[in-house]
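Source file: data.cif; contents: mmCIF, C-alpha atoms and all ligand atoms.
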```cif
data_start
loop_
_atom_site.label_atom_id
_atom_site.label_comp_id
_atom_site.auth_asym_id
_atom_site.auth_seq_id
_atom_site.Cartn_x
_atom_site.Cartn_y
_atom_site.Cartn_z
CA MET A 17 147.82 69.78 0.98
CA ARG A 18 144.94 71.00 -1.19
CA VAL A 19 145.14 70.21 -4.91
CA ASP A 20 142.75 71.40 -7.63
CA VAL A 21 143.01 70.14 -11.19
CA VAL A 22 141.16 71.82 -14.06
CA SER A 23 140.77 69.89 -17.30
CA ILE A 24 138.33 69.36 -20.16
CA PHE A 25 138.80 65.62 -19.53
CA PRO A 26 138.28 65.24 -15.77
CA GLU A 27 137.88 61.45 -16.22
CA TYR A 28 141.55 61.36 -17.22
CA LEU A 29 142.39 62.17 -13.60
CA ALA A 30 140.61 59.10 -12.17
CA PRO A 31 143.95 57.52 -11.11
CA LEU A 32 144.21 60.28 -8.48
CA GLY A 33 141.74 58.11 -6.52
CA LEU A 34 143.86 54.95 -6.70
CA SER A 35 146.73 53.34 -4.86
CA LEU A 36 148.87 55.46 -2.54
CA ILE A 37 147.43 58.79 -3.75
CA GLY A 38 143.95 57.43 -2.99
CA ARG A 39 145.18 56.31 0.44
CA ALA A 40 146.72 59.73 1.12
CA ARG A 41 143.36 61.30 0.29
CA ALA A 42 141.50 58.87 2.53
CA ALA A 43 143.97 59.63 5.34
CA GLY A 44 143.37 63.37 4.96
CA VAL A 45 146.97 64.14 3.91
CA LEU A 46 145.75 65.23 0.50
CA ASP A 47 142.52 66.95 -0.49
CA VAL A 48 141.94 66.77 -4.26
CA GLY A 49 139.31 68.48 -6.39
CA VAL A 50 139.06 67.67 -10.11
CA HIS A 51 137.07 70.21 -12.15
CA ASP A 52 135.66 70.33 -15.66
CA LEU A 53 136.76 73.58 -17.32
CA ARG A 54 133.48 73.59 -19.27
CA ALA A 55 131.64 74.28 -16.01
CA TRP A 56 132.92 77.84 -16.45
CA THR A 57 131.59 78.31 -20.02
CA HIS A 58 128.30 80.08 -20.75
CA ASP A 59 127.40 79.22 -24.33
CA VAL A 60 125.31 76.32 -25.49
CA HIS A 61 128.32 74.53 -27.01
CA ARG A 62 130.40 75.00 -23.84
CA THR A 63 133.23 76.38 -25.99
CA VAL A 64 136.74 76.46 -24.54
CA ASP A 65 138.85 77.06 -27.68
CA ASP A 66 139.21 79.32 -30.68
CA THR A 67 141.48 79.93 -33.66
CA PRO A 68 144.95 81.36 -32.96
CA TYR A 69 145.64 85.05 -33.52
CA GLY A 70 148.33 85.39 -36.16
CA GLY A 71 147.14 82.26 -37.93
CA GLY A 72 148.60 78.80 -37.87
CA PRO A 73 147.31 75.32 -37.22
CA GLY A 74 145.18 74.10 -34.32
CA MET A 75 143.14 75.86 -31.68
CA VAL A 76 144.03 77.78 -28.54
CA MET A 77 142.18 77.64 -25.21
CA ARG A 78 140.22 80.86 -24.64
CA PRO A 79 141.06 82.88 -21.54
CA GLU A 80 137.54 83.53 -20.15
CA PRO A 81 136.71 80.05 -18.77
CA TRP A 82 140.22 79.76 -17.33
CA GLY A 83 139.93 83.17 -15.68
CA GLU A 84 136.62 82.23 -14.07
CA ALA A 85 137.93 78.81 -13.02
CA LEU A 86 140.96 80.34 -11.29
CA ASP A 87 138.84 83.07 -9.66
CA SER A 88 136.57 80.39 -8.30
CA LEU A 89 139.33 78.06 -7.02
CA VAL A 90 141.56 80.86 -5.73
CA PRO A 91 139.25 83.81 -4.98
CA PRO A 92 140.86 87.25 -5.38
CA GLY A 93 142.26 88.29 -2.02
CA GLU A 94 142.62 84.67 -0.88
CA GLU A 95 145.73 83.76 -2.86
CA SER A 96 147.96 83.15 0.13
CA GLY A 97 149.56 79.69 -0.15
CA ALA A 98 148.25 79.02 -3.67
CA ARG A 99 150.49 78.19 -6.62
CA LEU A 100 149.40 77.65 -10.21
CA VAL A 101 151.19 74.83 -12.05
CA VAL A 102 150.80 74.71 -15.82
CA PRO A 103 152.15 71.67 -17.66
CA THR A 104 153.64 72.65 -21.01
CA PRO A 105 156.49 71.33 -23.16
CA ALA A 106 157.81 74.91 -23.07
CA GLY A 107 158.20 74.82 -19.27
CA VAL A 108 161.02 74.18 -16.84
CA ARG A 109 161.94 70.49 -16.75
CA PHE A 110 160.27 68.67 -13.84
CA ASP A 111 162.67 66.92 -11.49
CA GLN A 112 162.95 65.66 -7.92
CA ALA A 113 164.02 69.09 -6.65
CA MET A 114 160.85 70.61 -8.07
CA ALA A 115 158.81 67.76 -6.57
CA HIS A 116 160.23 68.74 -3.15
CA GLU A 117 159.45 72.39 -3.82
CA LEU A 118 155.83 71.62 -4.75
CA ALA A 119 155.43 69.22 -1.82
CA ALA A 120 156.10 72.16 0.51
CA GLU A 121 153.13 74.16 -0.84
CA SER A 122 149.72 74.21 0.82
CA HIS A 123 147.57 74.66 -2.32
CA LEU A 124 148.45 73.59 -5.86
CA VAL A 125 146.18 74.40 -8.80
CA PHE A 126 146.93 72.55 -12.03
CA ALA A 127 145.72 73.94 -15.37
CA CYS A 128 145.66 71.18 -18.00
CA GLY A 129 146.09 72.56 -21.50
CA ARG A 130 144.85 70.86 -24.67
CA TYR A 131 145.08 71.75 -28.36
CA GLU A 132 147.89 74.30 -28.89
CA GLY A 133 147.79 75.32 -25.24
CA ILE A 134 146.22 78.06 -23.09
CA ASP A 135 146.03 81.76 -24.08
CA GLN A 136 149.19 83.23 -22.50
CA ARG A 137 147.21 86.05 -20.81
CA VAL A 138 145.73 83.50 -18.39
CA LEU A 139 149.20 82.80 -17.01
CA GLU A 140 150.17 86.46 -17.09
CA HIS A 141 147.07 87.49 -15.15
CA ALA A 142 147.37 84.63 -12.64
CA GLY A 143 150.99 85.69 -12.15
CA THR A 144 149.81 89.01 -10.73
CA ARG A 145 148.00 87.11 -7.97
CA MET A 146 150.08 83.98 -7.21
CA PRO A 147 153.25 82.15 -8.22
CA VAL A 148 152.89 80.46 -11.61
CA THR A 149 155.16 77.61 -12.67
CA GLU A 150 155.21 76.26 -16.21
CA VAL A 151 156.47 72.69 -16.03
CA SER A 152 157.60 70.29 -18.73
CA LEU A 153 157.79 66.54 -18.24
CA GLY A 154 160.47 66.28 -20.91
CA ASP A 155 161.40 67.12 -24.45
CA TYR A 156 158.41 65.58 -26.20
CA VAL A 157 154.82 66.67 -26.84
CA LEU A 158 151.76 65.05 -25.27
CA PHE A 159 148.10 65.54 -26.21
CA GLY A 160 147.31 67.32 -22.95
CA GLY A 161 148.44 68.24 -19.44
CA GLU A 162 146.49 65.51 -17.62
CA VAL A 163 149.18 62.83 -17.76
CA ALA A 164 151.74 65.40 -16.63
CA VAL A 165 149.57 66.15 -13.59
CA LEU A 166 149.42 62.44 -12.74
CA VAL A 167 153.20 62.20 -12.95
CA ILE A 168 153.78 65.34 -10.89
CA MET A 169 151.23 64.30 -8.26
CA GLU A 170 152.83 60.83 -7.89
CA ALA A 171 156.23 62.40 -7.32
CA VAL A 172 154.85 65.05 -4.94
CA THR A 173 152.51 62.82 -2.92
CA ARG A 174 155.22 60.31 -2.00
CA LEU A 175 157.15 63.21 -0.40
CA LEU A 176 154.28 64.26 1.85
CA PRO A 177 154.82 63.32 5.50
CA GLY A 178 153.17 60.06 6.46
CA VAL A 179 152.47 58.83 2.92
CA LEU A 180 155.25 56.24 2.64
CA GLY A 181 155.17 53.53 5.30
CA ASN A 182 158.97 53.55 5.48
CA ALA A 183 160.41 57.04 5.08
CA ASP A 184 163.89 55.48 4.59
CA SER A 185 162.77 54.60 1.04
CA LEU A 186 163.05 58.31 0.24
CA ALA A 187 166.58 58.63 1.60
CA GLU A 188 168.15 55.90 -0.54
CA GLU A 189 166.27 56.10 -3.81
CA SER A 190 167.40 57.43 -7.18
CA HIS A 191 167.80 61.22 -7.35
CA ALA A 192 167.70 61.65 -3.56
CA HIS A 193 171.45 62.35 -3.40
CA GLY A 194 172.32 63.06 -6.99
CA LEU A 195 172.89 59.36 -7.76
CA LEU A 196 170.83 56.53 -9.21
CA GLU A 197 169.91 53.77 -6.81
CA ALA A 198 171.83 50.48 -6.82
CA PRO A 199 170.05 47.44 -8.33
CA VAL A 200 167.64 45.65 -5.98
CA TYR A 201 166.91 41.93 -5.48
CA THR A 202 164.48 39.74 -3.54
CA LYS A 203 163.84 36.02 -3.05
CA PRO A 204 164.53 33.46 -4.42
CA PRO A 205 168.34 33.58 -4.11
CA SER A 206 168.72 31.86 -7.46
CA TRP A 207 166.36 32.28 -10.42
CA ARG A 208 166.78 30.98 -13.98
CA GLY A 209 170.47 30.50 -13.37
CA LEU A 210 170.97 34.03 -12.04
CA ASP A 211 172.13 34.48 -8.44
CA VAL A 212 171.57 37.37 -6.06
CA PRO A 213 175.01 38.97 -5.38
CA GLU A 214 176.52 37.03 -2.49
CA ILE A 215 177.31 40.16 -0.50
CA LEU A 216 173.61 41.05 -0.14
CA ARG A 217 173.07 37.72 1.63
CA SER A 218 176.12 38.09 3.89
CA GLY A 219 174.38 39.95 6.72
CA ASP A 220 177.38 42.33 6.89
CA HIS A 221 175.55 45.67 6.85
CA GLY A 222 178.70 47.76 6.52
CA ARG A 223 179.87 45.87 3.42
CA ILE A 224 176.35 45.87 1.98
CA ALA A 225 176.10 49.67 2.37
CA ARG A 226 179.51 50.05 0.66
CA TRP A 227 178.50 47.69 -2.17
CA ARG A 228 175.27 49.61 -2.74
CA ARG A 229 177.13 52.92 -2.79
CA ASP A 230 179.65 51.56 -5.31
CA GLN A 231 176.89 50.18 -7.50
CA ALA A 232 175.06 53.50 -7.36
CA LEU A 233 178.22 55.33 -8.45
CA VAL A 234 179.02 52.91 -11.27
CA ARG A 235 175.43 52.89 -12.51
CA THR A 236 175.24 56.67 -12.46
CA ALA A 237 178.59 57.00 -14.25
CA ARG A 238 177.48 54.62 -17.00
CA ARG A 239 173.89 55.76 -17.45
CA ARG A 240 173.87 59.39 -16.36
CA PRO A 241 177.35 60.91 -16.52
CA ASP A 242 175.59 64.31 -16.59
CA MET A 243 174.45 63.69 -12.99
CA LEU A 244 177.93 62.72 -11.78
CA ALA A 245 179.42 65.76 -13.48
CA VAL A 246 177.39 68.11 -11.28
CA LEU A 247 177.63 66.11 -8.03
CA PRO A 248 179.18 68.44 -5.43
CA ALA A 249 182.61 67.18 -4.28
CA GLU A 250 181.47 67.13 -0.63
CA ARG A 251 178.93 64.43 -1.51
CA LEU A 252 181.84 62.06 -2.30
CA ASP A 253 184.14 60.36 0.21
CA LYS A 254 187.61 58.87 -0.36
CA ARG A 255 186.23 55.38 -0.89
CA ASP A 256 183.86 56.73 -3.57
CA VAL A 257 186.78 58.06 -5.53
CA ALA A 258 188.45 54.64 -5.35
CA ALA A 259 185.24 53.06 -6.73
N1 LIG B 301 151.70 73.94 -28.95
C1 LIG B 301 152.35 73.54 -27.74
C2 LIG B 301 153.85 73.71 -27.89
O1 LIG B 301 154.38 73.45 -28.97
O2 LIG B 301 154.53 74.08 -26.89
C3 LIG B 301 152.04 72.08 -27.43
C4 LIG B 301 150.63 71.87 -27.00
S1 LIG B 301 150.32 70.20 -26.52
C5 LIG B 301 149.75 69.49 -28.01
C6 LIG B 301 148.85 70.34 -25.54
C7 LIG B 301 149.06 70.34 -24.06
O3 LIG B 301 149.70 69.14 -23.66
C8 LIG B 301 149.93 71.44 -23.50
O4 LIG B 301 149.22 72.64 -23.34
C9 LIG B 301 150.33 70.85 -22.18
O5 LIG B 301 149.32 70.99 -21.21
C10 LIG B 301 150.46 69.36 -22.49
N2 LIG B 301 151.82 68.90 -22.75
C11 LIG B 301 152.31 68.47 -23.93
N3 LIG B 301 153.59 68.10 -23.83
C12 LIG B 301 153.94 68.29 -22.54
C13 LIG B 301 155.16 68.10 -21.82
N4 LIG B 301 156.27 67.65 -22.41
N5 LIG B 301 155.17 68.40 -20.52
C14 LIG B 301 154.06 68.88 -19.91
N6 LIG B 301 152.88 69.09 -20.55
C15 LIG B 301 152.82 68.80 -21.86
#
```
Will you turn the file into structure tokens for me?
Ligand code: SAM
Amino acid sequence: MRVDVVSIFPEYLAPLGLSLIGRARAAGVLDVGVHDLRAWTHDVHRTVDDTPYGGGPGMVMRPEPWGEALDSLVPPGEESGARLVVPTPAGVRFDQAMAHELAAESHLVFACGRYEGIDQRVLEHAGTRMPVTEVSLGDYVLFGGEVAVLVIMEAVTRLLPGVLGNADSLAEESHAHGLLEAPVYTKPPSWRGLDVPEILRSGDHGRIARWRRDQALVRTARRRPDMLAVLPAERLDKRDVAA
């Protein structure tokens, strides 16, 4: 997958070189370019913002540098496979389903807004050439889109084939099947007076799987009843209902 990120703070994206994302890049699974939006300005001050039409506080990112940046990263006529992702608190809420959707793309371009955001015409124009998705991390406001890109890229990269050593991790984890994952434990068996549940040390894989499923259901019911409420009935078996 090719990923381009445009920001006025490219240093903010340094973590895209670390840990498993860094390894995915080294392995050739992911090809990442981080770009300074100011490279596409032409005045001595390298201006990217201006006052909002209609008045009001703050500044808005001007369309010209964004237009040139997008033309350069996705040349007109070569849009096939490209998708523009724009983090914004006014976007669709990011979730695991969207992570899967983005992981299936061949070229993602992220536009990191700052100030009061990007002139809307940039998104409108890009939308005539490629799919544009405005994505929100949640119902709160950040300084800029960079942290959102890091979050989205963590979620997307772990879904790319070959990135996780054990692909089973994906099958069991929270949000894979509309449930939260059961609690996890490791050695030692007893720590500060707290014991690992006996069943996990029993070696009985059938009972362990059932225990984990029950814990996942109970945890989801207590913490995220909204998730259980929309879980399709066919995802439950008779023993689930008893739990
Ligand atoms: N004026 C905008 C509004 O009220 O919708 C908020 C602008 S915010 C201060 C600046 C930038 O931070 C946004 O353009 C976006 O890139 C990013 N941002 C802020 N909150 C975000 C969120 N919840 N999800 C994704 N990106 C966010």
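A distance cut-off of 7 Å around (145.8, 67.3, -14.0), counting all atoms listed in the file, selects these protein and nucleic acid residues: A:Val21, A:Val22, A:Ser23, A:Leu29, A:Phe126, A:Ala127, A:Cys128, A:Gly161, A:Glu162, A:Val163, A:Ala164, A:Val165, A:Leu166.
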Those same residues, written as a CSV table (one decimal), in the frame of the given file with C-alpha atoms?
```
chain,number,residue,atom,x,y,z
A,21,VAL,CA,143.0,70.1,-11.2
A,22,VAL,CA,141.2,71.8,-14.1
A,23,SER,CA,140.8,69.9,-17.3
A,29,LEU,CA,142.4,62.2,-13.6
A,126,PHE,CA,146.9,72.6,-12.0
A,127,ALA,CA,145.7,73.9,-15.4
A,128,CYS,CA,145.7,71.2,-18.0
A,161,GLY,CA,148.4,68.2,-19.4
A,162,GLU,CA,146.5,65.5,-17.6
A,163,VAL,CA,149.2,62.8,-17.8
A,164,ALA,CA,151.7,65.4,-16.6
A,165,VAL,CA,149.6,66.2,-13.6
A,166,LEU,CA,149.4,62.4,-12.7
```
How close does each residue of chain A get to ligand LIG 301 (chain B), giving the shortest atom pair and distance in Å to one decimal for every residue with an atom at most 6 Å away, counting only C-alpha atoms and all ligand atoms, sorted by chain and residue number, as JSON lines?
```
{"residue": "A:Pro103", "atom": "CA", "partner": "B:LIG301", "partner_atom": "N6", "distance": 3.9}
{"residue": "A:Thr104", "atom": "CA", "partner": "B:LIG301", "partner_atom": "N6", "distance": 3.7}
{"residue": "A:Pro105", "atom": "CA", "partner": "B:LIG301", "partner_atom": "C13", "distance": 3.7}
{"residue": "A:Ala106", "atom": "CA", "partner": "B:LIG301", "partner_atom": "O2", "distance": 5.1}
{"residue": "A:Cys128", "atom": "CA", "partner": "B:LIG301", "partner_atom": "O5", "distance": 4.9}
{"residue": "A:Gly129", "atom": "CA", "partner": "B:LIG301", "partner_atom": "O5", "distance": 3.6}
{"residue": "A:Arg130", "atom": "CA", "partner": "B:LIG301", "partner_atom": "C6", "distance": 4.1}
{"residue": "A:Tyr131", "atom": "CA", "partner": "B:LIG301", "partner_atom": "C6", "distance": 4.9}
{"residue": "A:Glu132", "atom": "CA", "partner": "B:LIG301", "partner_atom": "N1", "distance": 3.8}
{"residue": "A:Gly133", "atom": "CA", "partner": "B:LIG301", "partner_atom": "O4", "distance": 3.6}
{"residue": "A:Val151", "atom": "CA", "partner": "B:LIG301", "partner_atom": "C14", "distance": 5.9}
{"residue": "A:Ser152", "atom": "CA", "partner": "B:LIG301", "partner_atom": "N5", "distance": 3.6}
{"residue": "A:Leu153", "atom": "CA", "partner": "B:LIG301", "partner_atom": "N5", "distance": 3.9}
{"residue": "A:Gly154", "atom": "CA", "partner": "B:LIG301", "partner_atom": "N4", "distance": 4.7}
{"residue": "A:Asp155", "atom": "CA", "partner": "B:LIG301", "partner_atom": "N4", "distance": 5.5}
{"residue": "A:Tyr156", "atom": "CA", "partner": "B:LIG301", "partner_atom": "N4", "distance": 4.8}
{"residue": "A:Val157", "atom": "CA", "partner": "B:LIG301", "partner_atom": "N3", "distance": 3.6}
{"residue": "A:Leu158", "atom": "CA", "partner": "B:LIG301", "partner_atom": "C11", "distance": 3.7}
{"residue": "A:Phe159", "atom": "CA", "partner": "B:LIG301", "partner_atom": "C5", "distance": 4.6}
{"residue": "A:Gly160", "atom": "CA", "partner": "B:LIG301", "partner_atom": "O3", "distance": 3.1}
{"residue": "A:Gly161", "atom": "CA", "partner": "B:LIG301", "partner_atom": "O5", "distance": 3.4}
{"residue": "A:Ala164", "atom": "CA", "partner": "B:LIG301", "partner_atom": "C14", "distance": 5.3}
```
Rounded to one decimal in Å, what is the spacing between CA of Ala98 in chain A and CA of Gly38 in chain A? 22.0 Å
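Across A:Asp20, A:Asp66, A:Glu80, A:Asp47, the tightest approach to Leu100 in chain A is made by A:Asp20 when counting only C-alpha atoms.
Pairwise distance (CA of Pro31 in chain A, CA of Val50 in chain A) equals 11.3 Å.
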Residue nearest Leu32 in chain A - candidates A:Gly49, A:Pro248, A:Pro241, A:Pro73, atoms counted: all atoms listed in the file: A:Gly49
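As for CA of Phe110 in chain A and CA of Gly143 in chain A, they are spaced 19.5 Å apart.
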Shell around range 83-89 of chain A at 7 Å using all atoms listed in the file, local window under 2 positions removed, as JSON, numbers by chain: {"A": [53, 56, 79, 80, 81, 91, 92, 138]}
Nearest to Glu27 in chain A by atom-to-atom distance, counting all atoms listed in the file, from A:Arg41, A:His61, A:His191, A:His51: A:His51
As number ranges by chain, please: the residues near range 139-141 of chain A (cut-off 10 Å, all atoms listed in the file, same-chain neighbours under 4 positions excluded). A: 79, 82-83, 100-102, 127, 134-135, 145-150
Pick from A:Glu214, A:Glu117, A:Glu197, A:Glu188 nearest to Ile168 in chain A, counting only C-alpha atoms: A:Glu117
Distance criterion (only C-alpha atoms): nearest to Leu46 in chain A out of A:Leu195, A:Ala187, A:Leu210, A:Ala119: A:Ala119
Neighbouring residues of range 175-181 of chain A were defined as those with any atom within 8 Å, considering all atoms listed in the file; residues of the same chain fewer than 2 positions away were excluded. Please report them as a PyMOL selection string. chain A and resi 36+40+45+115-116+119+171-173+183+185-186
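Distances from A:Met169, A:Leu124, A:Leu196, A:Val64 to Leu247 in chain A were compared using all atoms listed in the file, and the smallest one belongs to A:Leu196.
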I'd like the neighbourhood of Gly194 in chain A as a ChimeraX atom specification, where a residue qualifies if any of its atoms comes within 9 Å (using all atoms listed in the file), though same-chain residues fewer than 5 positions away should be ignored. /A:236,243-244,246-248,251
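Residue neighbourhood of Pro199 in chain A, excluding near-sequence residues (fewer than 4 positions): Arg228, Gln231 and Ala232 of chain A, at 8 Å, using only C-alpha atoms.
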